[in-house]
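> Structure: entry23.cif, mmCIF, N, CA and C atoms.
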```cif
data_run
#
loop_
_atom_site.label_atom_id
_atom_site.label_comp_id
_atom_site.auth_asym_id
_atom_site.auth_seq_id
_atom_site.Cartn_x
_atom_site.Cartn_y
_atom_site.Cartn_z
N MET A 286 22.27 11.40 45.71
CA MET A 286 21.79 12.40 44.77
C MET A 286 20.28 12.22 44.60
N SER A 287 19.56 13.31 44.51
CA SER A 287 18.10 13.28 44.39
C SER A 287 17.69 13.33 42.92
N TYR A 288 16.74 12.51 42.56
CA TYR A 288 16.24 12.44 41.19
C TYR A 288 14.75 12.72 41.21
N GLU A 289 14.30 13.56 40.28
CA GLU A 289 12.87 13.80 40.18
C GLU A 289 12.25 12.68 39.37
N VAL A 290 11.25 12.05 39.95
CA VAL A 290 10.58 10.93 39.29
C VAL A 290 9.45 11.47 38.43
N LYS A 291 9.43 11.08 37.17
CA LYS A 291 8.35 11.40 36.25
C LYS A 291 7.50 10.15 36.11
N ARG A 292 6.23 10.29 36.38
CA ARG A 292 5.33 9.14 36.31
C ARG A 292 4.37 9.32 35.14
N PHE A 293 4.13 8.22 34.41
CA PHE A 293 3.12 8.23 33.37
C PHE A 293 2.54 6.84 33.25
N VAL A 294 1.55 6.69 32.39
CA VAL A 294 0.78 5.45 32.34
C VAL A 294 0.79 4.89 30.92
N PHE A 295 1.06 3.60 30.80
CA PHE A 295 0.95 2.89 29.54
C PHE A 295 -0.09 1.80 29.73
N GLN A 296 -1.19 1.88 29.00
CA GLN A 296 -2.27 0.91 29.09
C GLN A 296 -2.63 0.60 30.55
N LYS A 297 -2.86 1.65 31.31
CA LYS A 297 -3.28 1.58 32.71
C LYS A 297 -2.21 1.05 33.67
N MET A 298 -0.98 0.94 33.20
CA MET A 298 0.12 0.48 34.06
C MET A 298 1.11 1.62 34.26
N PRO A 299 1.55 1.85 35.51
CA PRO A 299 2.47 2.96 35.77
C PRO A 299 3.88 2.70 35.22
N VAL A 300 4.50 3.76 34.74
CA VAL A 300 5.88 3.73 34.30
C VAL A 300 6.56 4.96 34.89
N ARG A 301 7.62 4.73 35.67
CA ARG A 301 8.34 5.84 36.29
C ARG A 301 9.70 6.00 35.60
N THR A 302 10.08 7.27 35.40
CA THR A 302 11.39 7.57 34.83
C THR A 302 12.07 8.61 35.70
N ILE A 303 13.37 8.68 35.54
CA ILE A 303 14.15 9.76 36.15
C ILE A 303 15.06 10.31 35.07
N ILE A 304 15.47 11.55 35.23
CA ILE A 304 16.54 12.07 34.39
C ILE A 304 17.81 11.85 35.20
N HIS A 305 18.64 10.97 34.72
CA HIS A 305 19.85 10.52 35.41
C HIS A 305 20.90 11.62 35.37
N GLU A 306 21.95 11.46 36.15
CA GLU A 306 23.04 12.44 36.18
C GLU A 306 23.69 12.60 34.81
N ASP A 307 23.51 11.60 33.92
CA ASP A 307 24.04 11.72 32.56
C ASP A 307 23.13 12.56 31.66
N GLY A 308 22.00 13.04 32.23
CA GLY A 308 21.08 13.89 31.48
C GLY A 308 20.08 13.12 30.63
N LYS A 309 20.11 11.80 30.72
CA LYS A 309 19.23 10.97 29.89
C LYS A 309 18.18 10.29 30.76
N PRO A 310 17.03 9.95 30.15
CA PRO A 310 15.99 9.27 30.93
C PRO A 310 16.36 7.82 31.23
N TRP A 311 16.11 7.42 32.47
CA TRP A 311 16.25 6.03 32.90
C TRP A 311 14.89 5.60 33.40
N PHE A 312 14.55 4.33 33.20
CA PHE A 312 13.24 3.79 33.52
C PHE A 312 13.32 2.86 34.73
N VAL A 313 12.32 2.91 35.60
CA VAL A 313 12.26 1.99 36.73
C VAL A 313 12.01 0.59 36.17
N ALA A 314 12.95 -0.29 36.39
CA ALA A 314 12.93 -1.62 35.77
C ALA A 314 11.69 -2.43 36.16
N HIS A 315 11.25 -2.30 37.39
CA HIS A 315 10.07 -3.06 37.83
C HIS A 315 8.85 -2.71 36.98
N ASP A 316 8.66 -1.43 36.68
CA ASP A 316 7.51 -1.00 35.88
C ASP A 316 7.60 -1.56 34.46
N VAL A 317 8.79 -1.46 33.87
CA VAL A 317 9.02 -1.96 32.51
C VAL A 317 8.80 -3.46 32.46
N CYS A 318 9.35 -4.17 33.42
CA CYS A 318 9.23 -5.64 33.44
C CYS A 318 7.77 -6.08 33.63
N ALA A 319 7.02 -5.35 34.42
CA ALA A 319 5.60 -5.68 34.60
C ALA A 319 4.84 -5.56 33.28
N ILE A 320 5.11 -4.52 32.52
CA ILE A 320 4.45 -4.31 31.23
C ILE A 320 4.85 -5.38 30.24
N LEU A 321 6.12 -5.76 30.26
CA LEU A 321 6.65 -6.71 29.28
C LEU A 321 6.46 -8.17 29.68
N GLY A 322 5.89 -8.42 30.84
CA GLY A 322 5.57 -9.78 31.23
C GLY A 322 6.68 -10.54 31.93
N TYR A 323 7.71 -9.86 32.39
CA TYR A 323 8.76 -10.53 33.16
C TYR A 323 8.28 -10.63 34.60
N SER A 324 8.24 -11.83 35.15
CA SER A 324 7.73 -11.99 36.51
C SER A 324 8.77 -11.60 37.57
N ARG A 325 10.04 -11.69 37.25
CA ARG A 325 11.10 -11.35 38.21
C ARG A 325 12.05 -10.34 37.57
N THR A 326 12.02 -9.14 38.11
CA THR A 326 12.83 -8.05 37.55
C THR A 326 14.31 -8.39 37.56
N ARG A 327 14.81 -8.89 38.68
CA ARG A 327 16.25 -9.18 38.78
C ARG A 327 16.68 -10.22 37.74
N ASN A 328 15.85 -11.23 37.52
CA ASN A 328 16.20 -12.23 36.51
C ASN A 328 16.22 -11.62 35.11
N ALA A 329 15.26 -10.75 34.83
CA ALA A 329 15.20 -10.12 33.51
C ALA A 329 16.43 -9.25 33.26
N LEU A 330 16.97 -8.66 34.33
CA LEU A 330 18.11 -7.75 34.17
C LEU A 330 19.46 -8.46 34.14
N ARG A 331 19.48 -9.75 34.34
CA ARG A 331 20.77 -10.47 34.36
C ARG A 331 21.57 -10.30 33.07
N MET A 332 20.89 -10.29 31.94
CA MET A 332 21.58 -10.21 30.66
C MET A 332 21.77 -8.77 30.17
N VAL A 333 21.20 -7.81 30.87
CA VAL A 333 21.38 -6.40 30.50
C VAL A 333 22.80 -5.99 30.91
N GLU A 334 23.48 -5.27 30.04
CA GLU A 334 24.85 -4.84 30.30
C GLU A 334 24.91 -4.00 31.58
N GLU A 335 26.02 -4.09 32.28
CA GLU A 335 26.17 -3.36 33.55
C GLU A 335 26.00 -1.86 33.39
N ASN A 336 26.48 -1.30 32.28
CA ASN A 336 26.37 0.15 32.08
C ASN A 336 24.97 0.58 31.64
N GLU A 337 24.07 -0.38 31.45
CA GLU A 337 22.70 -0.10 31.03
C GLU A 337 21.70 -0.23 32.18
N LYS A 338 22.20 -0.55 33.36
CA LYS A 338 21.32 -0.73 34.51
C LYS A 338 21.98 -0.14 35.74
N GLY A 339 21.18 0.11 36.74
CA GLY A 339 21.72 0.66 37.97
C GLY A 339 20.70 0.56 39.09
N VAL A 340 21.09 1.06 40.25
CA VAL A 340 20.21 1.09 41.42
C VAL A 340 20.23 2.51 41.95
N HIS A 341 19.05 3.08 42.15
CA HIS A 341 18.96 4.43 42.70
C HIS A 341 17.86 4.48 43.74
N LYS A 342 18.11 5.25 44.78
CA LYS A 342 17.13 5.43 45.84
C LYS A 342 16.12 6.48 45.37
N LEU A 343 14.85 6.06 45.32
CA LEU A 343 13.79 6.95 44.89
C LEU A 343 12.74 7.06 45.98
N SER A 344 12.09 8.20 46.02
CA SER A 344 11.03 8.42 46.99
C SER A 344 9.78 7.68 46.53
N THR A 345 9.19 6.90 47.44
CA THR A 345 7.95 6.18 47.17
C THR A 345 6.96 6.49 48.28
N PRO A 346 5.68 6.16 48.07
CA PRO A 346 4.71 6.39 49.15
C PRO A 346 5.08 5.68 50.45
N GLY A 347 5.85 4.60 50.36
CA GLY A 347 6.29 3.88 51.55
C GLY A 347 7.61 4.38 52.10
N GLY A 348 8.13 5.47 51.54
CA GLY A 348 9.42 6.01 51.95
C GLY A 348 10.47 5.74 50.90
N PRO A 349 11.69 6.21 51.11
CA PRO A 349 12.76 6.00 50.13
C PRO A 349 13.08 4.51 49.96
N GLN A 350 13.20 4.10 48.70
CA GLN A 350 13.54 2.71 48.41
C GLN A 350 14.52 2.66 47.25
N GLU A 351 15.39 1.67 47.30
CA GLU A 351 16.29 1.46 46.18
C GLU A 351 15.53 0.75 45.07
N MET A 352 15.63 1.32 43.88
CA MET A 352 14.94 0.78 42.71
C MET A 352 15.96 0.45 41.64
N LEU A 353 15.74 -0.66 40.96
CA LEU A 353 16.54 -0.99 39.79
C LEU A 353 16.06 -0.12 38.64
N ILE A 354 16.99 0.45 37.89
CA ILE A 354 16.63 1.27 36.74
C ILE A 354 17.42 0.82 35.53
N VAL A 355 16.89 1.11 34.34
CA VAL A 355 17.58 0.81 33.09
C VAL A 355 17.58 2.06 32.22
N ASN A 356 18.64 2.20 31.44
CA ASN A 356 18.69 3.33 30.51
C ASN A 356 17.96 2.96 29.23
N GLU A 357 18.02 3.84 28.24
CA GLU A 357 17.29 3.61 26.99
C GLU A 357 17.73 2.33 26.30
N SER A 358 19.03 2.08 26.27
CA SER A 358 19.55 0.88 25.64
C SER A 358 19.07 -0.38 26.38
N GLY A 359 19.12 -0.34 27.71
CA GLY A 359 18.63 -1.46 28.51
C GLY A 359 17.14 -1.69 28.32
N LEU A 360 16.40 -0.60 28.19
CA LEU A 360 14.97 -0.70 27.92
C LEU A 360 14.71 -1.42 26.61
N TYR A 361 15.44 -1.04 25.56
CA TYR A 361 15.25 -1.69 24.26
C TYR A 361 15.61 -3.16 24.32
N TYR A 362 16.64 -3.49 25.07
CA TYR A 362 17.03 -4.90 25.21
C TYR A 362 15.88 -5.70 25.83
N LEU A 363 15.29 -5.16 26.90
CA LEU A 363 14.16 -5.85 27.55
C LEU A 363 12.97 -5.98 26.61
N ILE A 364 12.71 -4.94 25.84
CA ILE A 364 11.60 -4.99 24.89
C ILE A 364 11.84 -6.07 23.84
N MET A 365 13.05 -6.13 23.29
CA MET A 365 13.35 -7.10 22.24
C MET A 365 13.27 -8.54 22.74
N ARG A 366 13.58 -8.75 24.02
CA ARG A 366 13.53 -10.11 24.58
C ARG A 366 12.13 -10.55 24.95
N SER A 367 11.22 -9.61 25.13
CA SER A 367 9.87 -9.96 25.58
C SER A 367 9.11 -10.71 24.50
N ARG A 368 8.33 -11.67 24.92
CA ARG A 368 7.50 -12.45 24.00
C ARG A 368 6.06 -11.96 23.97
N ARG A 369 5.74 -10.97 24.78
CA ARG A 369 4.37 -10.45 24.85
C ARG A 369 4.07 -9.56 23.65
N SER A 370 2.83 -9.62 23.20
CA SER A 370 2.41 -8.77 22.09
C SER A 370 2.49 -7.29 22.46
N GLU A 371 2.37 -6.99 23.77
CA GLU A 371 2.42 -5.61 24.22
C GLU A 371 3.80 -4.98 24.01
N ALA A 372 4.82 -5.79 23.83
CA ALA A 372 6.18 -5.27 23.69
C ALA A 372 6.29 -4.33 22.49
N LYS A 373 5.70 -4.69 21.36
CA LYS A 373 5.77 -3.84 20.18
C LYS A 373 5.02 -2.54 20.42
N THR A 374 3.84 -2.63 20.99
CA THR A 374 3.04 -1.44 21.29
C THR A 374 3.78 -0.55 22.27
N PHE A 375 4.38 -1.15 23.30
CA PHE A 375 5.14 -0.40 24.30
C PHE A 375 6.33 0.29 23.65
N ARG A 376 7.07 -0.43 22.81
CA ARG A 376 8.22 0.15 22.12
C ARG A 376 7.80 1.35 21.28
N CYS A 377 6.73 1.20 20.51
CA CYS A 377 6.25 2.31 19.68
C CYS A 377 5.86 3.51 20.54
N TRP A 378 5.19 3.26 21.64
CA TRP A 378 4.78 4.34 22.54
C TRP A 378 6.00 5.05 23.10
N VAL A 379 6.99 4.28 23.56
CA VAL A 379 8.20 4.87 24.14
C VAL A 379 8.96 5.67 23.09
N THR A 380 9.15 5.11 21.89
CA THR A 380 9.97 5.78 20.88
C THR A 380 9.25 6.90 20.16
N ASP A 381 7.92 6.80 20.02
CA ASP A 381 7.16 7.83 19.31
C ASP A 381 6.65 8.95 20.19
N LYS A 382 6.40 8.65 21.47
CA LYS A 382 5.76 9.64 22.35
C LYS A 382 6.66 10.06 23.52
N VAL A 383 7.06 9.09 24.32
CA VAL A 383 7.72 9.40 25.59
C VAL A 383 9.11 10.01 25.39
N LEU A 384 10.00 9.31 24.72
CA LEU A 384 11.38 9.80 24.59
C LEU A 384 11.46 11.12 23.83
N PRO A 385 10.76 11.29 22.70
CA PRO A 385 10.81 12.61 22.05
C PRO A 385 10.30 13.73 22.95
N SER A 386 9.26 13.46 23.72
CA SER A 386 8.74 14.48 24.63
C SER A 386 9.75 14.82 25.72
N ILE A 387 10.40 13.80 26.29
CA ILE A 387 11.40 14.04 27.32
C ILE A 387 12.57 14.83 26.74
N ARG A 388 12.99 14.49 25.54
CA ARG A 388 14.12 15.21 24.92
C ARG A 388 13.78 16.68 24.65
N LYS A 389 12.54 16.93 24.22
CA LYS A 389 12.14 18.30 23.86
C LYS A 389 11.81 19.15 25.08
N THR A 390 11.10 18.58 26.04
CA THR A 390 10.56 19.38 27.15
C THR A 390 11.09 18.99 28.51
N GLY A 391 11.81 17.88 28.59
CA GLY A 391 12.28 17.40 29.89
C GLY A 391 11.24 16.59 30.64
N MET A 392 10.07 16.39 30.02
CA MET A 392 9.03 15.60 30.67
C MET A 392 8.06 15.05 29.64
N TYR A 393 7.26 14.09 30.07
CA TYR A 393 6.19 13.54 29.26
C TYR A 393 4.89 14.03 29.87
N THR A 394 4.11 14.80 29.12
CA THR A 394 2.91 15.42 29.65
C THR A 394 1.71 14.48 29.56
N LEU A 395 0.94 14.46 30.64
CA LEU A 395 -0.25 13.63 30.72
C LEU A 395 -1.50 14.49 30.66
N SER A 396 -2.58 13.89 30.18
CA SER A 396 -3.87 14.56 30.27
C SER A 396 -4.37 14.44 31.70
N GLN A 397 -5.36 15.22 32.07
CA GLN A 397 -5.90 15.19 33.42
C GLN A 397 -6.43 13.80 33.76
N ASN A 398 -7.10 13.14 32.81
CA ASN A 398 -7.62 11.79 33.05
C ASN A 398 -6.50 10.83 33.39
N ASN A 399 -5.41 10.89 32.62
CA ASN A 399 -4.27 10.01 32.89
C ASN A 399 -3.67 10.29 34.25
N ARG A 400 -3.63 11.57 34.64
CA ARG A 400 -3.09 11.91 35.96
C ARG A 400 -3.94 11.30 37.07
N GLU A 401 -5.24 11.36 36.91
CA GLU A 401 -6.13 10.78 37.92
C GLU A 401 -5.95 9.27 38.00
N ILE A 402 -5.82 8.63 36.86
CA ILE A 402 -5.58 7.19 36.83
C ILE A 402 -4.25 6.88 37.50
N MET A 403 -3.23 7.68 37.19
CA MET A 403 -1.91 7.48 37.75
C MET A 403 -1.92 7.60 39.27
N VAL A 404 -2.64 8.60 39.78
CA VAL A 404 -2.73 8.79 41.23
C VAL A 404 -3.39 7.57 41.86
N ALA A 405 -4.48 7.11 41.27
CA ALA A 405 -5.18 5.94 41.81
C ALA A 405 -4.26 4.72 41.79
N GLN A 406 -3.53 4.53 40.70
CA GLN A 406 -2.63 3.39 40.61
C GLN A 406 -1.48 3.52 41.60
N GLY A 407 -1.02 4.74 41.80
CA GLY A 407 0.04 4.97 42.78
C GLY A 407 -0.41 4.61 44.18
N LEU A 408 -1.66 4.97 44.50
CA LEU A 408 -2.20 4.62 45.82
C LEU A 408 -2.32 3.11 45.98
N LEU A 409 -2.78 2.43 44.93
CA LEU A 409 -2.87 0.97 44.99
C LEU A 409 -1.49 0.34 45.17
N ALA A 410 -0.51 0.85 44.41
CA ALA A 410 0.85 0.32 44.53
C ALA A 410 1.41 0.58 45.92
N ALA A 411 1.13 1.77 46.47
CA ALA A 411 1.62 2.09 47.82
C ALA A 411 1.01 1.14 48.84
N ASN A 412 -0.27 0.85 48.70
CA ASN A 412 -0.92 -0.09 49.62
C ASN A 412 -0.28 -1.46 49.53
N GLU A 413 0.06 -1.90 48.34
CA GLU A 413 0.71 -3.21 48.17
C GLU A 413 2.08 -3.22 48.84
N ILE A 414 2.83 -2.13 48.68
CA ILE A 414 4.15 -2.03 49.31
C ILE A 414 4.02 -2.08 50.82
N ILE A 415 3.05 -1.35 51.34
CA ILE A 415 2.83 -1.33 52.78
C ILE A 415 2.47 -2.72 53.28
N LYS A 416 1.60 -3.42 52.56
CA LYS A 416 1.21 -4.78 52.96
C LYS A 416 2.43 -5.71 52.96
N GLU A 417 3.26 -5.61 51.92
CA GLU A 417 4.45 -6.45 51.85
C GLU A 417 5.40 -6.16 53.01
N GLN A 418 5.58 -4.89 53.30
CA GLN A 418 6.48 -4.52 54.39
C GLN A 418 5.93 -4.97 55.74
N GLN A 419 4.62 -4.91 55.92
CA GLN A 419 4.01 -5.38 57.15
C GLN A 419 4.22 -6.89 57.30
N LEU A 420 4.07 -7.61 56.20
CA LEU A 420 4.30 -9.07 56.25
C LEU A 420 5.75 -9.38 56.58
N GLN A 421 6.68 -8.60 56.00
CA GLN A 421 8.10 -8.80 56.31
C GLN A 421 8.39 -8.53 57.78
N LEU A 422 7.80 -7.48 58.32
CA LEU A 422 7.99 -7.15 59.72
C LEU A 422 7.44 -8.24 60.63
N GLU A 423 6.26 -8.75 60.27
CA GLU A 423 5.65 -9.82 61.07
C GLU A 423 6.51 -11.07 61.02
N ALA A 424 7.10 -11.34 59.86
CA ALA A 424 7.95 -12.53 59.72
C ALA A 424 9.22 -12.41 60.56
N GLN A 425 9.70 -11.18 60.73
CA GLN A 425 10.92 -10.99 61.52
C GLN A 425 10.60 -11.09 62.97
#
```
Could you take the file, read its structure, and then write that structure out as structure tokens?


Amino acid sequence: MSYEVKRFVFQKMPVRTIIHEDGKPWFVAHDVCAILGYSRTRNALRMVEENEKGVHKLSTPGGPQEMLIVNESGLYYLIMRSRRSEAKTFRCWVTDKVLPSIRKTGMYTLSQNNREIMVAQGLLAANEIIKEQQLQLEAQ
């Protein structure tokens, strides 16, 4: 099943969401974990309930990739466990801005400046993915 990825930026860090088949927003776990200071996404998700997380194939600059995602409840769990000061700010941003906007309009709208930043960050992330994949290929 194809999911439209909505990208936005929190304090210069990308956050991707999809509207899941259940009609609710799900967040790319890697993006959330990076903001909240978790160094390993899979480890952070170990304690998240099975129905609050999943794996979905999403289109990336490096081609389709399986991404770990969390629903709203899983997102809150990760926020509550984080020890970073940014967790409170992130929670407020998600609950005050992002989720209400998604519920009302089906998307979170960005200003032109944020879109330009997002594109630049997307290109940097794509370059990192390409470098990692090249290293994996060389290792094989």

> Using the chain letters and numbering of this document, enumerate as a list in words the residues selected by the PyMOL selection byres ((chain A and resi 305-309) around 8).

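Checked against the file, the PyMOL selection byres ((chain A and resi 305-309) around 8) matches Tyr288, Glu289, Thr302, Ile303, Ile304, Pro310, Trp311, Phe312, Asn356 and Glu357 of chain A.
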
> Could you produce a table of the residues of segment 328-386 of chain A lying within 12 Å of segment 412-416 of chain A, with the nearest pair of atoms per residue and their separation in Å rounded to one decimal, using only C-alpha atoms, ordered by chain and increasing residue number, as a tab-separated table?


```
residue	atom	partner	partner_atom	distance
A:Thr345	CA	A:Ile414	CA	9.3
A:Pro346	CA	A:Ile414	CA	8.4
A:Gly347	CA	A:Ile415	CA	6.4
A:Gly348	CA	A:Ile415	CA	9.9
A:Pro349	CA	A:Ile414	CA	11.8
A:Gln350	CA	A:Ile414	CA	10.6
```

> Compile the contact shell of Ser358 of chain A as a VMD selection string: residues with an atom at most 8 Å away, counting only N, CA and C atoms, same-chain residues fewer than 3 positions apart removed.

chain A and resid 333 to 334 336 to 338 355 361 to 364

> Atom C of Cys318 of chain A and atom CA of Lys389 of chain A, how far apart in Å?

26.6 Å

> Have a look at A:Lys342, A:Lys291, A:Arg369, A:Arg376 and name the one nearest to Ala319 of chain A; count only C-alpha atoms.

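Looking only at the distances to Ala319 of chain A, the closest residue turns out to be A:Arg369.
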
> Looking only at the backbone, which of the residues in chain A does DSSP tag as alpha helix (DSSP H), as a PyMOL selection string?

chain A and resi 314-321+326-329+357-366+371-378+384-390+397-424

> Which one is closest to Val313 of chain A: A:Leu360, A:Ile387, A:Gln419, A:Arg368? Count only C-alpha atoms.

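Looking only at the distances to Val313 of chain A, the closest residue turns out to be A:Leu360.
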
> Looking only at the backbone, which of the residues in chain A does DSSP tag as strand (DSSP E or B), as a PyMOL selection string?

chain A and resi 290-295+298-304+310-313+338-345+348-355

> Produce a file of the selected residues containing N, CA and C atoms, as a tab-separated table (two decimals), keeping the file's coordinate frame.


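Saved as result-v7.tsv:
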```tsv
chain	number	residue	atom	x	y	z
A	290	VAL	N	11.25	12.05	39.95
A	290	VAL	CA	10.58	10.93	39.29
A	290	VAL	C	9.45	11.47	38.43
A	291	LYS	N	9.43	11.08	37.17
A	291	LYS	CA	8.35	11.40	36.25
A	291	LYS	C	7.50	10.15	36.11
A	292	ARG	N	6.23	10.29	36.38
A	292	ARG	CA	5.33	9.14	36.31
A	292	ARG	C	4.37	9.32	35.14
A	293	PHE	N	4.13	8.22	34.41
A	293	PHE	CA	3.12	8.23	33.37
A	293	PHE	C	2.54	6.84	33.25
A	294	VAL	N	1.55	6.69	32.39
A	294	VAL	CA	0.78	5.45	32.34
A	294	VAL	C	0.79	4.89	30.92
A	295	PHE	N	1.06	3.60	30.80
A	295	PHE	CA	0.95	2.89	29.54
A	295	PHE	C	-0.09	1.80	29.73
A	298	MET	N	-0.98	0.94	33.20
A	298	MET	CA	0.12	0.48	34.06
A	298	MET	C	1.11	1.62	34.26
A	299	PRO	N	1.55	1.85	35.51
A	299	PRO	CA	2.47	2.96	35.77
A	299	PRO	C	3.88	2.70	35.22
A	300	VAL	N	4.50	3.76	34.74
A	300	VAL	CA	5.88	3.73	34.30
A	300	VAL	C	6.56	4.96	34.89
A	301	ARG	N	7.62	4.73	35.67
A	301	ARG	CA	8.34	5.84	36.29
A	301	ARG	C	9.70	6.00	35.60
A	302	THR	N	10.08	7.27	35.40
A	302	THR	CA	11.39	7.57	34.83
A	302	THR	C	12.07	8.61	35.70
A	303	ILE	N	13.37	8.68	35.54
A	303	ILE	CA	14.15	9.76	36.15
A	303	ILE	C	15.06	10.31	35.07
A	304	ILE	N	15.47	11.55	35.23
A	304	ILE	CA	16.54	12.07	34.39
A	304	ILE	C	17.81	11.85	35.20
A	310	PRO	N	17.03	9.95	30.15
A	310	PRO	CA	15.99	9.27	30.93
A	310	PRO	C	16.36	7.82	31.23
A	311	TRP	N	16.11	7.42	32.47
A	311	TRP	CA	16.25	6.03	32.90
A	311	TRP	C	14.89	5.60	33.40
A	312	PHE	N	14.55	4.33	33.20
A	312	PHE	CA	13.24	3.79	33.52
A	312	PHE	C	13.32	2.86	34.73
A	313	VAL	N	12.32	2.91	35.60
A	313	VAL	CA	12.26	1.99	36.73
A	313	VAL	C	12.01	0.59	36.17
A	338	LYS	N	22.20	-0.55	33.36
A	338	LYS	CA	21.32	-0.73	34.51
A	338	LYS	C	21.98	-0.14	35.74
A	339	GLY	N	21.18	0.11	36.74
A	339	GLY	CA	21.72	0.66	37.97
A	339	GLY	C	20.70	0.56	39.09
A	340	VAL	N	21.09	1.06	40.25
A	340	VAL	CA	20.21	1.09	41.42
A	340	VAL	C	20.23	2.51	41.95
A	341	HIS	N	19.05	3.08	42.15
A	341	HIS	CA	18.96	4.43	42.70
A	341	HIS	C	17.86	4.48	43.74
A	342	LYS	N	18.11	5.25	44.78
A	342	LYS	CA	17.13	5.43	45.84
A	342	LYS	C	16.12	6.48	45.37
A	343	LEU	N	14.85	6.06	45.32
A	343	LEU	CA	13.79	6.95	44.89
A	343	LEU	C	12.74	7.06	45.98
A	344	SER	N	12.09	8.20	46.02
A	344	SER	CA	11.03	8.42	46.99
A	344	SER	C	9.78	7.68	46.53
A	345	THR	N	9.19	6.90	47.44
A	345	THR	CA	7.95	6.18	47.17
A	345	THR	C	6.96	6.49	48.28
A	348	GLY	N	8.13	5.47	51.54
A	348	GLY	CA	9.42	6.01	51.95
A	348	GLY	C	10.47	5.74	50.90
A	349	PRO	N	11.69	6.21	51.11
A	349	PRO	CA	12.76	6.00	50.13
A	349	PRO	C	13.08	4.51	49.96
A	350	GLN	N	13.20	4.10	48.70
A	350	GLN	CA	13.54	2.71	48.41
A	350	GLN	C	14.52	2.66	47.25
A	351	GLU	N	15.39	1.67	47.30
A	351	GLU	CA	16.29	1.46	46.18
A	351	GLU	C	15.53	0.75	45.07
A	352	MET	N	15.63	1.32	43.88
A	352	MET	CA	14.94	0.78	42.71
A	352	MET	C	15.96	0.45	41.64
A	353	LEU	N	15.74	-0.66	40.96
A	353	LEU	CA	16.54	-0.99	39.79
A	353	LEU	C	16.06	-0.12	38.64
A	354	ILE	N	16.99	0.45	37.89
A	354	ILE	CA	16.63	1.27	36.74
A	354	ILE	C	17.42	0.82	35.53
A	355	VAL	N	16.89	1.11	34.34
A	355	VAL	CA	17.58	0.81	33.09
A	355	VAL	C	17.58	2.06	32.22
```

> Between A:Pro299, A:Ala314, A:Val379, A:Arg366, which one has atoms that come closest to Met332 of chain A, using only C-alpha atoms?

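The shortest atom-to-atom distance to Met332 of chain A comes from A:Arg366.
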
> Could you tell me how far atom CA of Cys377 of chain A lies from atom CA of Gly339 of chain A, in Å and to one decimal?

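Computing the Euclidean distance for atom CA of Cys377 of chain A and atom CA of Gly339 of chain A yields 24.0 Å.
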
> For atom CA of Ile354 of chain A and atom CA of Ser324 of chain A, determine how far apart the two atoms are, in Å to one decimal place.

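Atom CA of Ile354 of chain A sits 16.0 Å away from atom CA of Ser324 of chain A.
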
> Using the file's own x, y and z axes, so that the box edges lie along x, y and z, what centre and edge lengths in Å (one decimal) does a box around every listed atom of segment 364-379 of chain A get when 4 Å is added on each side? Give it as JSON.


```
{"center_x": 8.0, "center_y": -3.4, "center_z": 22.8, "size_x": 19.2, "size_y": 26.1, "size_z": 14.2}
```

> Which of these residues is nearest to Glu335 of chain A, using only C-alpha atoms: A:Met365, A:Ser386, A:Leu353, A:Thr374?

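Checking each of A:Met365, A:Ser386, A:Leu353, A:Thr374 against Glu335 of chain A, counting only C-alpha atoms, the winner is A:Leu353.
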